[in-house]
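Engineer: Take a look at the following structure, please.
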Amino acid sequence: MKSLLSRSAIALALGTALIALPALAMDPALKTDKDKNSYMIGMLWGKQLQDIKGDVDMAMVQKGLADSFAGEKTLMTEEEAQQVSGDFRTMLQGKREAERAKAAAENKAKGDEFLAKNKGVAGVKTTESGLQYMVMTEGTGAKPKATDQVKVDYVGTLINGTKFDSSIDRGQPATFPLNGVIPGWTEGLQLMTVGSKYKFFIPGNLAYGEQGQPQGGIGPNEVLIFEVELKEILN
């Protein structure tokens with residue numbers, strides 16, 4: 001878990017905030033710079049803890065901070081805390097890996113079912129790799145090579161219809177080298193001529209695989225659907 005501030009600064013400000021918790025609950029206004037700084041640190045720390053909030057007891061977190069901040073005897077030694085910290089990290093890693101493996105298996109099953117049905121839809125073609133595509137508009141320009149840089153407009157959705165990315169929404173076509181994107185795009189755009197608009201159905205192994213792209217809202221083994229317009233080959 002990446003820290004935004006130094007551990008000592010966070011512990012100091014958060015410990016102070018937790019000790020004064022009842023008073024802050026009655027008067028939450030940020031009246032001074034100290035109030036603002038303290039609240040900011042607590043807010044950022046709280047956001048970092050959200051991923052593990054089901055694995056910790058906030059009352060014990062408060063007690064540990066208060067005991068350390070006040071210089072009182074703690075319920076465990078520094079050595080014991082280091083051991084517990086290592087065990088906790090190992091547990092969290094195992095839990096996250098199990099959750100990711102479960103999601104990967106579920107997404108693959110759903111994706112395989114979707115692609116099997118989609119394969120029979122009129123106009124859908126399937127390549128040897130498993131990439132599926134549908135020609136929406138056929139252009140008359142040149143076809144790009146894998147080493148070319150292209151300019152495209154696109155909308156990306158999951159199979160449940162959730163939109164996760166769109167150059168159109170940003171109001172700016174995307175520019176990138178074809179050999180620098182997911183395999184489904186590298187293969188698919190080479191099928192297109194400039195001016196074409198295709199719809200791609202990209203299996204998970206040709207997209208972000210078992211890792212997914214959590215920051216972009218894409219889970220492991222997710223099938224991705226893109227409507228892509230090839231606007232220009234730049235080199």
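Ligands are numbered from 1 in the order shown, residues from 1 within each chain, and chains are lettered A, B, ... in the order they appear in the structure tokens.
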Range 70-117 of chain A near range 130-149 of chain A within 12 Å: what's each residue's closest atom pair and its distance in Å to one decimal, counting only C-alpha atoms, ordered by chain then ascending residue number, as JSON lines?
Structural biologist:
{"residue": "A:Gly111", "atom": "CA", "partner": "A:Gly130", "partner_atom": "CA", "distance": 11.9}
{"residue": "A:Asp112", "atom": "CA", "partner": "A:Gly130", "partner_atom": "CA", "distance": 10.5}
{"residue": "A:Phe114", "atom": "CA", "partner": "A:Gln132", "partner_atom": "CA", "distance": 11.3}
{"residue": "A:Leu115", "atom": "CA", "partner": "A:Gln132", "partner_atom": "CA", "distance": 8.0}
{"residue": "A:Ala116", "atom": "CA", "partner": "A:Gln132", "partner_atom": "CA", "distance": 10.3}
{"residue": "A:Lys117", "atom": "CA", "partner": "A:Gln132", "partner_atom": "CA", "distance": 11.4}
Engineer: Would you please give, as a PyMOL selection string, all residues of range 166-222 of chain A that DSSP assigns to strand (DSSP E) based on the backbone?
Structural biologist: chain A and resi 166+174-177+197-202
Engineer: Hey, which of A:Ala29, A:Val181, A:Glu80, A:Ile159 ends up closest to Asn118 in chain A? Count only C-alpha atoms.
Structural biologist: A:Ile159
Engineer: Restricting the calculation to only C-alpha atoms, which member of A:Gln213, A:Met43, A:Leu191, A:Asp51 is positioned closest to Arg96 in chain A?
Structural biologist: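 Ranking A:Gln213, A:Met43, A:Leu191, A:Asp51 by distance to Arg96 in chain A, first place goes to A:Asp51.
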Engineer: Looking only at helix (DSSP H, G or I) from DSSP on the backbone, list the matching residues of range 3-235 of chain A as JSON, numbers by chain.
Structural biologist: {"A": [7, 8, 9, 10, 11, 12, 13, 14, 15, 16, 17, 18, 19, 21, 22, 23, 24, 25, 26, 33, 34, 35, 36, 37, 38, 39, 40, 41, 42, 43, 44, 45, 46, 47, 48, 49, 50, 51, 52, 53, 54, 55, 58, 59, 60, 61, 62, 63, 64, 65, 66, 67, 68, 69, 70, 78, 79, 80, 81, 82, 83, 84, 85, 86, 87, 88, 89, 90, 91, 92, 93, 94, 95, 96, 97, 98, 99, 100, 101, 102, 103, 104, 105, 106, 107, 108, 109, 110, 111, 112, 113, 114, 115, 116, 117, 118, 167, 168, 169, 170, 178, 179, 180, 183, 184, 185, 186, 187, 188, 189, 204, 205, 206, 214, 215, 216]}
Engineer: Hey, which of A:Gly156, A:Gly180, A:Gly64, A:Pro214 ends up closest to Ile202 in chain A? Count only C-alpha atoms.
Structural biologist: A:Gly156
Engineer: Counting only C-alpha atoms, figure out which residue out of A:Gly123, A:Pro183, A:Gly195, A:Gly86 gets nearest to Gly209 in chain A.
Structural biologist: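 The closest residue to Gly209 in chain A is A:Pro183.
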Engineer: If we count only C-alpha atoms, what is near Asp165 in chain A at a cut-off of 9 Å, once residues fewer than 6 positions away on the same chain are taken out, given as a ChimeraX atom specification?
Structural biologist: /A:154-157,216
Engineer: Restricted to N, CA and C atoms, what would the selected residues look like written as a CSV table (one decimal), in the first residue's frame?
Structural biologist:
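Once written, result.csv looks like this:
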chain,number,residue,atom,x,y,z
A,154,TYR,N,-12.9,5.8,-30.9
A,154,TYR,CA,-13.4,4.5,-30.4
A,154,TYR,C,-14.2,4.7,-29.1
A,155,VAL,N,-15.0,3.7,-28.9
A,155,VAL,CA,-15.8,3.6,-27.7
A,155,VAL,C,-15.6,2.1,-27.2
A,156,GLY,N,-15.2,1.9,-26.0
A,156,GLY,CA,-15.0,0.6,-25.4
A,156,GLY,C,-16.0,0.3,-24.3
A,157,THR,N,-16.6,-0.9,-24.4
A,157,THR,CA,-17.6,-1.4,-23.4
A,157,THR,C,-17.3,-2.8,-23.0
A,216,GLY,N,-8.7,0.9,-15.0
A,216,GLY,CA,-9.6,1.3,-16.1
A,216,GLY,C,-11.0,0.6,-15.9
Engineer: Quick one: residues within 7 Å of Lys151 in chain A, only C-alpha atoms counted, chain neighbours fewer than 2 positions away excluded, as a VMD selection string?
Structural biologist: chain A and resid 173 to 176 230 to 233
Engineer: Store the residues picked out above in a file with all heavy atoms, as a CSV table (one decimal), in the first residue's frame.
Structural biologist:
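Wrote selection_8.csv, looks like this:
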chain,number,residue,atom,x,y,z
A,173,PRO,N,-9.5,12.4,-30.8
A,173,PRO,CA,-9.1,11.0,-31.3
A,173,PRO,C,-7.8,10.6,-30.6
A,173,PRO,O,-7.0,11.4,-30.2
A,173,PRO,CB,-8.9,11.3,-32.8
A,173,PRO,CG,-9.7,12.5,-33.1
A,173,PRO,CD,-9.6,13.4,-31.9
A,174,ALA,N,-7.7,9.3,-30.5
A,174,ALA,CA,-6.5,8.7,-29.9
A,174,ALA,C,-5.4,8.4,-31.0
A,174,ALA,O,-5.7,8.0,-32.1
A,174,ALA,CB,-6.8,7.4,-29.2
A,175,THR,N,-4.2,8.6,-30.6
A,175,THR,CA,-3.0,8.4,-31.5
A,175,THR,C,-2.1,7.4,-30.8
A,175,THR,O,-1.7,7.6,-29.7
A,175,THR,CB,-2.3,9.7,-31.9
A,175,THR,OG1,-3.2,10.5,-32.5
A,175,THR,CG2,-1.1,9.4,-32.8
A,176,PHE,N,-1.7,6.3,-31.5
A,176,PHE,CA,-0.8,5.4,-30.9
A,176,PHE,C,-0.1,4.5,-32.0
A,176,PHE,O,-0.7,4.3,-33.0
A,176,PHE,CB,-1.5,4.5,-29.9
A,176,PHE,CG,-2.8,3.9,-30.4
A,176,PHE,CD1,-2.7,2.7,-31.2
A,176,PHE,CD2,-4.0,4.5,-30.2
A,176,PHE,CE1,-3.9,2.2,-31.7
A,176,PHE,CE2,-5.2,3.9,-30.7
A,176,PHE,CZ,-5.1,2.8,-31.5
A,230,LEU,N,-11.1,4.1,-38.0
A,230,LEU,CA,-9.8,4.4,-38.4
A,230,LEU,C,-9.8,5.7,-39.2
A,230,LEU,O,-10.2,5.7,-40.3
A,230,LEU,CB,-9.2,3.2,-39.2
A,230,LEU,CG,-7.7,3.4,-39.7
A,230,LEU,CD1,-6.8,3.7,-38.5
A,230,LEU,CD2,-7.3,2.2,-40.5
A,231,LYS,N,-9.2,6.7,-38.6
A,231,LYS,CA,-9.3,8.0,-39.2
A,231,LYS,C,-8.1,8.4,-40.1
A,231,LYS,O,-8.2,9.0,-41.1
A,231,LYS,CB,-9.5,9.1,-38.1
A,231,LYS,CG,-10.7,8.9,-37.3
A,231,LYS,CD,-10.8,10.0,-36.2
A,231,LYS,CE,-11.4,11.3,-36.8
A,231,LYS,NZ,-12.8,11.1,-37.3
A,232,GLU,N,-6.9,7.8,-39.7
A,232,GLU,CA,-5.7,8.2,-40.4
A,232,GLU,C,-4.5,7.3,-40.0
A,232,GLU,O,-4.4,6.8,-38.9
A,232,GLU,CB,-5.3,9.7,-40.0
A,232,GLU,CG,-4.2,10.3,-40.8
A,232,GLU,CD,-4.0,11.8,-40.4
A,232,GLU,OE1,-4.8,12.3,-39.6
A,232,GLU,OE2,-3.0,12.3,-40.9
A,233,ILE,N,-3.7,7.0,-41.0
A,233,ILE,CA,-2.4,6.4,-40.7
A,233,ILE,C,-1.3,7.5,-40.8
A,233,ILE,O,-1.2,8.3,-41.7
A,233,ILE,CB,-2.0,5.4,-41.8
A,233,ILE,CG1,-3.1,4.3,-41.8
A,233,ILE,CG2,-0.7,4.7,-41.6
A,233,ILE,CD1,-3.0,3.3,-43.0
Engineer: Could you state the separation of CA of Lys73 in chain A and CA of Val61 in chain A in Å, given to one decimal place?
Structural biologist: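 Result for CA of Lys73 in chain A versus CA of Val61 in chain A: 15.1 Å, one decimal.
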Engineer: Quick check, in Å to one decimal: how far apart do CA of Gly71 in chain A and CA of Leu92 in chain A lie?
Structural biologist: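 Spanning CA of Gly71 in chain A to CA of Leu92 in chain A is a straight-line distance of 29.2 Å.
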